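So this one's query_34.cif, mmCIF, C-alpha atoms and all ligand atoms:
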```
data_final
loop_
_atom_site.label_atom_id
_atom_site.label_comp_id
_atom_site.auth_asym_id
_atom_site.auth_seq_id
_atom_site.Cartn_x
_atom_site.Cartn_y
_atom_site.Cartn_z
CA MET G 1 3.42 26.83 -6.22
CA SER G 2 3.34 28.98 -9.32
CA PRO G 3 -0.01 29.84 -10.97
CA VAL G 4 1.14 27.81 -14.01
CA LEU G 5 1.65 24.74 -11.82
CA ILE G 6 -1.78 25.15 -10.25
CA LEU G 7 -3.30 25.47 -13.72
CA LEU G 8 -1.56 22.27 -14.86
CA LEU G 9 -2.95 20.41 -11.85
CA LEU G 10 -6.44 21.55 -12.75
CA LEU G 11 -6.30 20.51 -16.40
CA PRO G 12 -8.21 17.39 -17.47
CA PRO G 13 -6.36 14.05 -17.32
CA LEU G 14 -5.58 13.66 -21.01
CA ILE G 15 -3.77 16.99 -21.00
CA THR G 16 -1.96 16.35 -17.72
CA ALA G 17 -0.72 13.11 -19.29
CA VAL G 18 1.74 15.14 -21.32
CA SER G 19 2.33 18.14 -19.11
CA SER G 20 1.78 17.38 -15.43
CA PRO G 21 4.86 18.23 -13.35
CA LEU G 22 3.80 15.55 -10.83
CA GLN G 23 3.72 12.65 -13.21
CA ALA G 24 6.20 11.83 -15.95
CA SER G 25 4.69 10.84 -19.28
CA SER G 26 3.66 7.17 -19.25
CA THR G 27 5.51 6.63 -22.53
CA THR G 28 8.81 7.06 -20.66
CA TRP G 29 8.25 4.50 -17.90
CA ASN G 30 6.60 1.14 -17.44
CA TYR G 31 6.10 -1.73 -14.99
CA THR G 32 8.41 -4.25 -16.69
CA LEU G 33 10.72 -4.18 -13.63
CA GLN G 34 7.94 -3.19 -11.17
CA GLY G 35 9.48 0.27 -10.77
CA LYS G 36 13.04 -0.81 -9.92
CA ASP G 37 14.37 1.09 -12.95
CA TRP G 38 12.55 4.37 -12.36
CA PRO G 39 14.94 7.32 -12.02
CA GLY G 40 15.53 10.22 -9.62
CA LEU G 41 13.62 10.39 -6.39
CA CYS G 42 12.10 6.97 -7.14
CA GLN G 43 15.64 5.59 -6.47
CA THR G 44 16.98 8.03 -3.89
CA GLY G 45 13.93 9.12 -1.89
CA LEU G 46 13.66 8.02 1.74
CA ARG G 47 9.89 8.57 2.07
CA GLN G 48 8.64 6.46 -0.79
CA SER G 49 5.35 4.62 -1.35
CA PRO G 50 3.75 2.12 -1.29
CA ILE G 51 4.65 0.36 1.97
CA ASN G 52 3.73 -2.81 3.78
CA VAL G 53 1.84 -1.76 6.93
CA PRO G 54 3.75 -3.80 9.56
CA LEU G 55 0.88 -5.75 11.10
CA ALA G 56 2.32 -9.28 11.07
CA HIS G 57 3.32 -10.53 14.52
CA ASP G 58 6.98 -11.00 13.62
CA ASP G 59 7.37 -7.91 11.42
CA GLY G 60 10.52 -6.14 12.63
CA GLU G 61 8.97 -2.77 11.76
CA ARG G 62 5.95 -3.21 14.08
CA ALA G 63 7.57 -0.68 16.46
CA GLN G 64 6.96 1.97 13.78
CA LEU G 65 3.19 1.62 14.32
CA LYS G 66 1.96 4.40 16.61
CA GLU G 67 -1.53 4.69 17.99
CA ALA G 68 -3.43 7.89 17.13
CA GLY G 69 -7.01 7.36 18.26
CA GLY G 70 -8.10 10.86 17.27
CA MET G 71 -7.43 10.38 13.56
CA ASP G 72 -10.45 10.59 11.31
CA VAL G 73 -11.27 10.79 7.62
CA ARG G 74 -14.46 12.10 5.99
CA MET G 75 -15.09 12.20 2.26
CA TRP G 76 -17.86 13.92 0.44
CA HIS G 77 -18.43 13.47 -3.30
CA PRO G 78 -21.73 14.76 -4.66
CA TYR G 79 -23.28 12.68 -7.42
CA GLN G 80 -22.13 13.84 -10.83
CA LYS G 81 -23.15 12.61 -14.25
CA GLY G 82 -20.80 12.33 -17.21
CA ASN G 83 -17.59 11.50 -15.32
CA VAL G 84 -14.83 10.74 -17.82
CA VAL G 85 -12.92 7.47 -17.45
CA SER G 86 -9.55 7.33 -19.26
CA LEU G 87 -6.57 5.09 -19.77
CA VAL G 88 -3.62 7.23 -18.65
CA HIS G 89 -0.31 6.60 -16.88
CA ASN G 90 -0.73 2.80 -17.22
CA THR G 91 -3.94 2.87 -15.21
CA ILE G 92 -7.65 3.46 -15.53
CA GLN G 93 -8.57 6.84 -14.14
CA ALA G 94 -11.84 8.64 -13.45
CA ASP G 95 -12.01 12.40 -13.20
CA VAL G 96 -13.76 13.36 -9.95
CA SER G 97 -12.62 16.99 -9.84
CA GLY G 98 -15.03 19.79 -9.14
CA LEU G 99 -17.35 19.49 -6.19
CA GLY G 100 -16.48 17.44 -3.15
CA GLN G 101 -14.10 17.39 -0.22
CA MET G 102 -11.94 15.18 1.97
CA VAL G 103 -11.21 16.14 5.55
CA PHE G 104 -8.46 14.34 7.41
CA VAL G 105 -7.72 14.78 11.11
CA ASN G 106 -4.14 13.66 11.63
CA GLN G 107 -2.25 12.21 14.61
CA HIS G 108 -1.79 15.70 16.11
CA GLY G 109 -5.49 16.56 15.77
CA THR G 110 -4.72 18.95 12.90
CA VAL G 111 -7.61 19.20 10.45
CA GLY G 112 -6.57 19.13 6.78
CA GLN G 113 -8.97 20.01 3.98
CA TYR G 114 -8.58 18.55 0.51
CA GLU G 115 -10.26 18.89 -2.88
CA PRO G 116 -10.81 15.84 -5.15
CA MET G 117 -8.86 15.46 -8.42
CA GLN G 118 -9.10 11.90 -9.77
CA LEU G 119 -9.25 8.27 -8.77
CA HIS G 120 -7.39 5.37 -10.34
CA PHE G 121 -6.52 1.71 -9.84
CA HIS G 122 -3.63 -0.68 -9.32
CA ALA G 123 -3.93 -4.46 -9.69
CA PRO G 124 -2.66 -6.23 -7.68
CA SER G 125 -2.56 -3.81 -4.73
CA GLU G 126 0.46 -1.61 -4.02
CA HIS G 127 0.05 -1.27 -0.24
CA MET G 128 0.00 -4.41 1.86
CA TYR G 129 -1.31 -5.11 5.35
CA GLY G 130 0.90 -7.50 7.30
CA GLY G 131 2.41 -8.78 4.06
CA LYS G 132 -1.02 -9.45 2.51
CA GLN G 133 -1.63 -8.16 -0.98
CA TYR G 134 -5.13 -7.64 -2.42
CA GLU G 135 -6.44 -7.97 -5.95
CA LEU G 136 -7.20 -4.28 -6.55
CA GLU G 137 -6.35 -0.97 -4.89
CA MET G 138 -8.10 2.32 -5.61
CA HIS G 139 -6.35 5.64 -5.00
CA ILE G 140 -8.53 8.71 -4.64
CA VAL G 141 -6.20 11.67 -5.19
CA TYR G 142 -6.93 14.98 -3.47
CA LYS G 143 -4.99 18.23 -3.36
CA SER G 144 -4.49 20.05 -0.10
CA LEU G 145 -6.34 23.32 0.34
CA ASP G 146 -4.00 24.20 3.24
CA ILE G 147 -0.49 23.47 1.95
CA GLU G 148 0.55 24.27 -1.63
CA GLY G 149 1.74 21.28 -3.62
CA LYS G 150 0.67 18.73 -0.97
CA LEU G 151 -1.61 15.85 -1.90
CA GLY G 152 -3.78 13.52 0.14
CA VAL G 153 -4.43 10.05 -1.26
CA VAL G 154 -7.05 7.68 0.15
CA SER G 155 -6.51 3.94 -0.49
CA VAL G 156 -9.39 1.44 -0.68
CA MET G 157 -8.89 -2.28 -1.40
CA PHE G 158 -11.15 -4.65 -3.37
CA ASP G 159 -10.87 -8.42 -3.48
CA SER G 160 -13.00 -11.15 -5.07
CA ARG G 161 -11.55 -14.03 -3.06
CA GLU G 162 -13.82 -16.02 -0.79
CA GLU G 163 -12.64 -14.54 2.53
CA TYR G 164 -13.60 -11.03 1.34
CA SER G 165 -16.43 -11.68 -1.12
CA GLY G 166 -17.97 -14.99 -0.10
CA VAL G 167 -18.57 -18.01 -2.27
CA ASN G 168 -20.21 -18.28 -5.71
CA ASN G 169 -17.97 -15.86 -7.58
CA GLY G 170 -18.44 -13.06 -5.01
CA LYS G 171 -20.84 -10.15 -5.03
CA SER G 172 -20.92 -7.72 -7.93
CA ASN G 173 -19.52 -4.37 -6.82
CA THR G 174 -21.77 -1.69 -8.31
CA PHE G 175 -19.13 1.02 -8.02
CA ILE G 176 -16.55 -1.04 -9.94
CA GLU G 177 -19.23 -1.97 -12.48
CA SER G 178 -20.06 1.71 -13.10
CA LEU G 179 -16.50 2.37 -14.37
CA LYS G 180 -17.20 0.26 -17.50
CA VAL G 181 -13.80 -1.40 -17.41
CA ARG G 182 -15.21 -4.18 -19.58
CA GLU G 183 -15.73 -1.67 -22.41
CA PHE G 184 -12.00 -0.98 -22.51
CA VAL G 185 -11.27 -4.72 -22.46
CA LYS G 186 -13.79 -5.45 -25.23
CA SER G 187 -11.98 -2.90 -27.42
CA MET G 188 -8.61 -4.67 -27.05
CA VAL G 189 -6.63 -5.30 -30.22
CA ASN G 190 -3.28 -7.13 -30.01
CA GLY G 191 -3.27 -6.99 -26.21
CA ALA G 192 -4.02 -3.27 -25.78
CA PRO G 193 -7.36 -1.39 -25.55
CA SER G 194 -8.18 0.59 -28.68
CA ILE G 195 -10.48 3.03 -26.89
CA GLN G 196 -8.75 5.43 -24.51
CA GLN G 197 -11.63 7.29 -22.97
CA LEU G 198 -15.35 7.03 -22.33
CA SER G 199 -17.84 8.98 -20.31
CA ILE G 200 -20.33 7.54 -17.84
CA GLU G 201 -23.89 8.61 -18.58
CA ASN G 202 -25.14 7.58 -15.17
CA GLU G 203 -23.72 8.85 -11.93
CA LEU G 204 -20.57 7.34 -10.47
CA PRO G 205 -21.79 5.83 -7.16
CA LEU G 206 -18.59 6.81 -5.32
CA MET G 207 -20.38 8.37 -2.36
CA ARG G 208 -22.43 5.21 -1.86
CA LEU G 209 -19.21 3.17 -1.72
CA LEU G 210 -17.53 5.57 0.70
CA GLN G 211 -20.55 5.75 3.01
CA ARG G 212 -20.38 1.97 3.45
CA LEU G 213 -16.68 1.98 4.38
CA ASP G 214 -15.81 1.12 7.97
CA THR G 215 -13.36 3.84 9.02
CA SER G 216 -13.13 2.70 12.66
CA GLN G 217 -9.62 1.61 11.65
CA ILE G 218 -7.41 3.74 9.39
CA TYR G 219 -3.67 4.02 8.84
CA HIS G 220 -1.74 7.15 7.93
CA TYR G 221 1.84 7.90 6.93
CA ASP G 222 3.77 10.43 4.85
CA GLY G 223 5.01 9.10 1.52
CA SER G 224 5.17 9.64 -2.20
CA LEU G 225 3.39 9.20 -5.49
CA THR G 226 3.82 5.55 -6.56
CA THR G 227 4.63 6.50 -10.15
CA PRO G 228 7.47 8.61 -11.61
CA VAL G 229 8.52 11.21 -10.59
CA CYS G 230 7.72 9.71 -7.14
CA SER G 231 7.33 13.16 -5.49
CA GLU G 232 7.30 12.94 -1.68
CA VAL G 233 4.23 15.11 -1.24
CA VAL G 234 1.55 12.62 -0.23
CA SER G 235 -0.29 12.32 3.03
CA TRP G 236 -1.57 8.73 2.75
CA VAL G 237 -4.83 7.59 4.35
CA LEU G 238 -5.29 3.81 4.14
CA ILE G 239 -8.72 2.30 4.85
CA PRO G 240 -8.33 -1.44 5.53
CA ASP G 241 -12.01 -2.36 5.05
CA ILE G 242 -11.61 -4.72 2.08
CA GLN G 243 -14.50 -4.36 -0.40
CA ALA G 244 -16.16 -7.32 -2.10
CA MET G 245 -16.28 -7.74 -5.85
CA GLN G 246 -16.89 -10.45 -8.43
CA LYS G 247 -14.16 -12.54 -10.02
CA ASP G 248 -14.95 -11.30 -13.51
CA GLN G 249 -14.66 -7.71 -12.26
CA ILE G 250 -10.99 -8.17 -11.32
CA GLN G 251 -10.43 -10.21 -14.48
CA TYR G 252 -11.27 -7.12 -16.58
CA PHE G 253 -8.50 -5.12 -14.91
CA ASN G 254 -6.08 -8.03 -15.17
CA ALA G 255 -6.89 -8.54 -18.87
CA MET G 256 -5.38 -5.11 -19.59
CA TRP G 257 -2.40 -5.44 -17.24
CA LYS G 258 -1.19 -8.58 -15.42
CA ASP G 259 -2.66 -11.03 -17.93
CA SER G 260 -1.62 -9.05 -21.00
CA PRO G 261 1.81 -10.10 -22.33
CA GLN G 262 2.02 -6.67 -23.95
CA PHE G 263 1.79 -4.80 -20.65
CA ALA G 264 4.69 -5.72 -18.36
CA ASN G 265 5.70 -9.35 -18.98
CA GLY G 266 3.17 -10.71 -16.50
CA TYR G 267 3.39 -7.96 -13.88
CA GLY G 268 0.48 -5.73 -12.97
CA ASN G 269 0.57 -1.94 -12.55
CA ASN G 270 1.79 -2.05 -8.96
CA ARG G 271 5.07 -0.63 -7.71
CA LEU G 272 6.88 -2.86 -5.19
CA THR G 273 6.65 -1.87 -1.51
CA GLN G 274 9.32 0.55 -0.35
CA PRO G 275 11.42 0.71 2.87
CA ILE G 276 9.80 2.47 5.83
CA ASN G 277 13.13 4.14 6.73
CA GLY G 278 12.15 5.01 10.29
CA ARG G 279 8.84 6.64 9.42
CA HIS G 280 5.96 6.32 11.84
CA ILE G 281 2.77 4.70 10.59
CA TYR G 282 -0.17 5.94 12.59
CA ALA G 283 -3.04 3.57 13.37
CA LYS G 284 -6.39 4.63 14.78
CA SER G 285 -5.96 1.59 17.00
CA ILE G 286 -3.08 -0.87 17.20
CA PRO G 287 -4.48 -4.33 16.38
CA ILE G 288 -4.44 -6.44 19.57
CA ASN G 289 -3.95 -9.66 17.63
CA PRO G 290 -1.24 -9.23 15.00
CA LEU G 291 -1.86 -10.91 11.68
CA PRO G 292 -0.23 -14.32 11.23
CA THR G 293 2.83 -14.19 9.02
CA ASN G 294 2.24 -15.46 5.49
CA SER G 295 4.30 -18.51 4.71
ZN ZN G 301 -2.00 5.17 -7.51
#
```

Here is a file; write its structure as structure tokens.
Amino acid sequence: MSPVLILLLLLPPLITAVSSPLQASSTTWNYTLQGKDWPGLCQTGLRQSPINVPLAHDDGERAQLKEAGGMDVRMWHPYQKGNVVSLVHNTIQADVSGLGQMVFVNQHGTVGQYEPMQLHFHAPSEHMYGGKQYELEMHIVYKSLDIEGKLGVVSVMFDSREEYSGVNNGKSNTFIESLKVREFVKSMVNGAPSIQQLSIENELPLMRLLQRLDTSQIYHYDGSLTTPVCSEVVSWVLIPDIQAMQKDQIQYFNAMWKDSPQFANGYGNNRLTQPINGRHIYAKSIPINPLPTNS
């Protein structure tokens, strides 16, 4: 990677919005066709993301699941004040660059070290487990410290429905609450937020969220960015421990995207799942009881 490219990756989100080589400007693409019309590698690539993790009992791709019991993921994000939350690339994004680290031990036992860049959201989820989609998916984007140009992205799901969050409107998720999504929604004029950026005075409780995650099961595969230009540079780490949240917390995301006629004619900011094309999907353990197939 050239020094210029490295510099571009390190620039703050609002600047990368116009100049990042990894992500095309969000003015040139949208979710009106859920990504079917995106050009280049998004059409022709054979290692694209997101995917459905083939966990359903009759999923023909179940043979692609390979057990890799030695896999492990550890994330460390020190508390920081003043994180900036922005609306960029048709998502809500928080800058978590600076201090912190992600360490991923892959299926071969190779230890990869990564440095945090940003986190952002898709609603509904992009990845699926056994054909199940969730209300919200967070992507924490890291850049590899070992391989130039390689990224590691950790996926965490949130869902307010009863089976994940219990009855009575679910539990409020303090991490989601800290992102102040409602402030963007409150500023909406004619279906679109009028504020583009705000900073969080208090700390972003990301570490507290990550410490609670059950990583006794994780999935890993090699794929791509899920937005143009769909570069196939991502080592994906999926954590299937679905996090609880309140109904009104997901409604704030949906107000900007799925429920806004201005956004994508009723679609959210999720790309459709992509073919596995013979890739292996590594599981820390292969589920003994496959998920029932959704009817
Ligand atoms: Zn994403």

Stretch 239-251 of chain G: which residues within 10 Å, counting all atoms listed in the file, same-chain residues fewer than 2 positions away excluded, as JSON, numbers by chain?
{"G": [73, 123, 124, 128, 129, 134, 135, 136, 137, 154, 155, 156, 157, 158, 159, 160, 161, 162, 163, 164, 165, 166, 167, 168, 169, 170, 171, 172, 173, 174, 175, 176, 177, 180, 181, 182, 185, 209, 212, 213, 214, 215, 216, 217, 218, 219, 220, 236, 237, 253, 254, 255, 256, 257, 258, 259]}

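Across the structure, atom CA of G:Gln196 and atom CA of G:Cys42 are spaced 27.2 Å apart.
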
Selection within 10 Å of ligand ZN 301 (chain G) by all atoms listed in the file, output as number ranges by chain
G: 49-50, 89, 91-93, 119-122, 125-127, 137-141, 153-155, 224-227, 269-271

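Here the question is which of G:Ser86, G:Leu145, G:Gln211, G:His108 gets nearest to G:Phe184 using all atoms listed in the file, and that residue is G:Ser86.
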
Residues within 12 Å of G:Ile276, please, as a VMD selection string. Count all atoms listed in the file; anything in the same chain fewer than 2 positions from it doesn't count.
chain G and resid 45 to 54 60 to 65 221 to 224 273 to 274 278 to 281

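Take the candidates G:Pro205, G:Asn83, G:Gly131, G:Lys143 and check each one against G:Leu272 using only C-alpha atoms; the shortest distance goes to G:Gly131.
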
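Counting from atom CA of G:Ser199, the distance to atom CA of G:Lys150 is 28.5 Å.
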
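Note that the spacing between atom CA of G:Glu148 and atom CA of G:Val233 amounts to 9.9 Å.
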
Please write as a ChimeraX atom specification the list of polymer residues whose atoms come within 12 Å of (5.2, 2.2, -18.7), counting all atoms listed in the file and keeping to the coordinates of the file.
/G:23-35,37-38,88-91,227-228,257,262-265,267-271

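Of the listed residues G:Ser235, G:Gln197, G:Gln101, G:Asn277, the one whose atoms come nearest to G:Gly152 is G:Ser235, with distances taken using only C-alpha atoms.
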
Nearest-residue call for G:Leu291, choices G:Gly130, G:Gly191, G:Gly149, G:Gly69, using only C-alpha atoms
G:Gly130

How big is the axis-aligned box, and where does its centre sit, when it encloses all atoms of stretch 160-166 of chain G listed in the file and has 8 Å added on every side, reported in Å to one decimal as JSON?
```
{"center_x": -14.8, "center_y": -13.5, "center_z": -1.3, "size_x": 22.4, "size_y": 21.0, "size_z": 23.6}
```
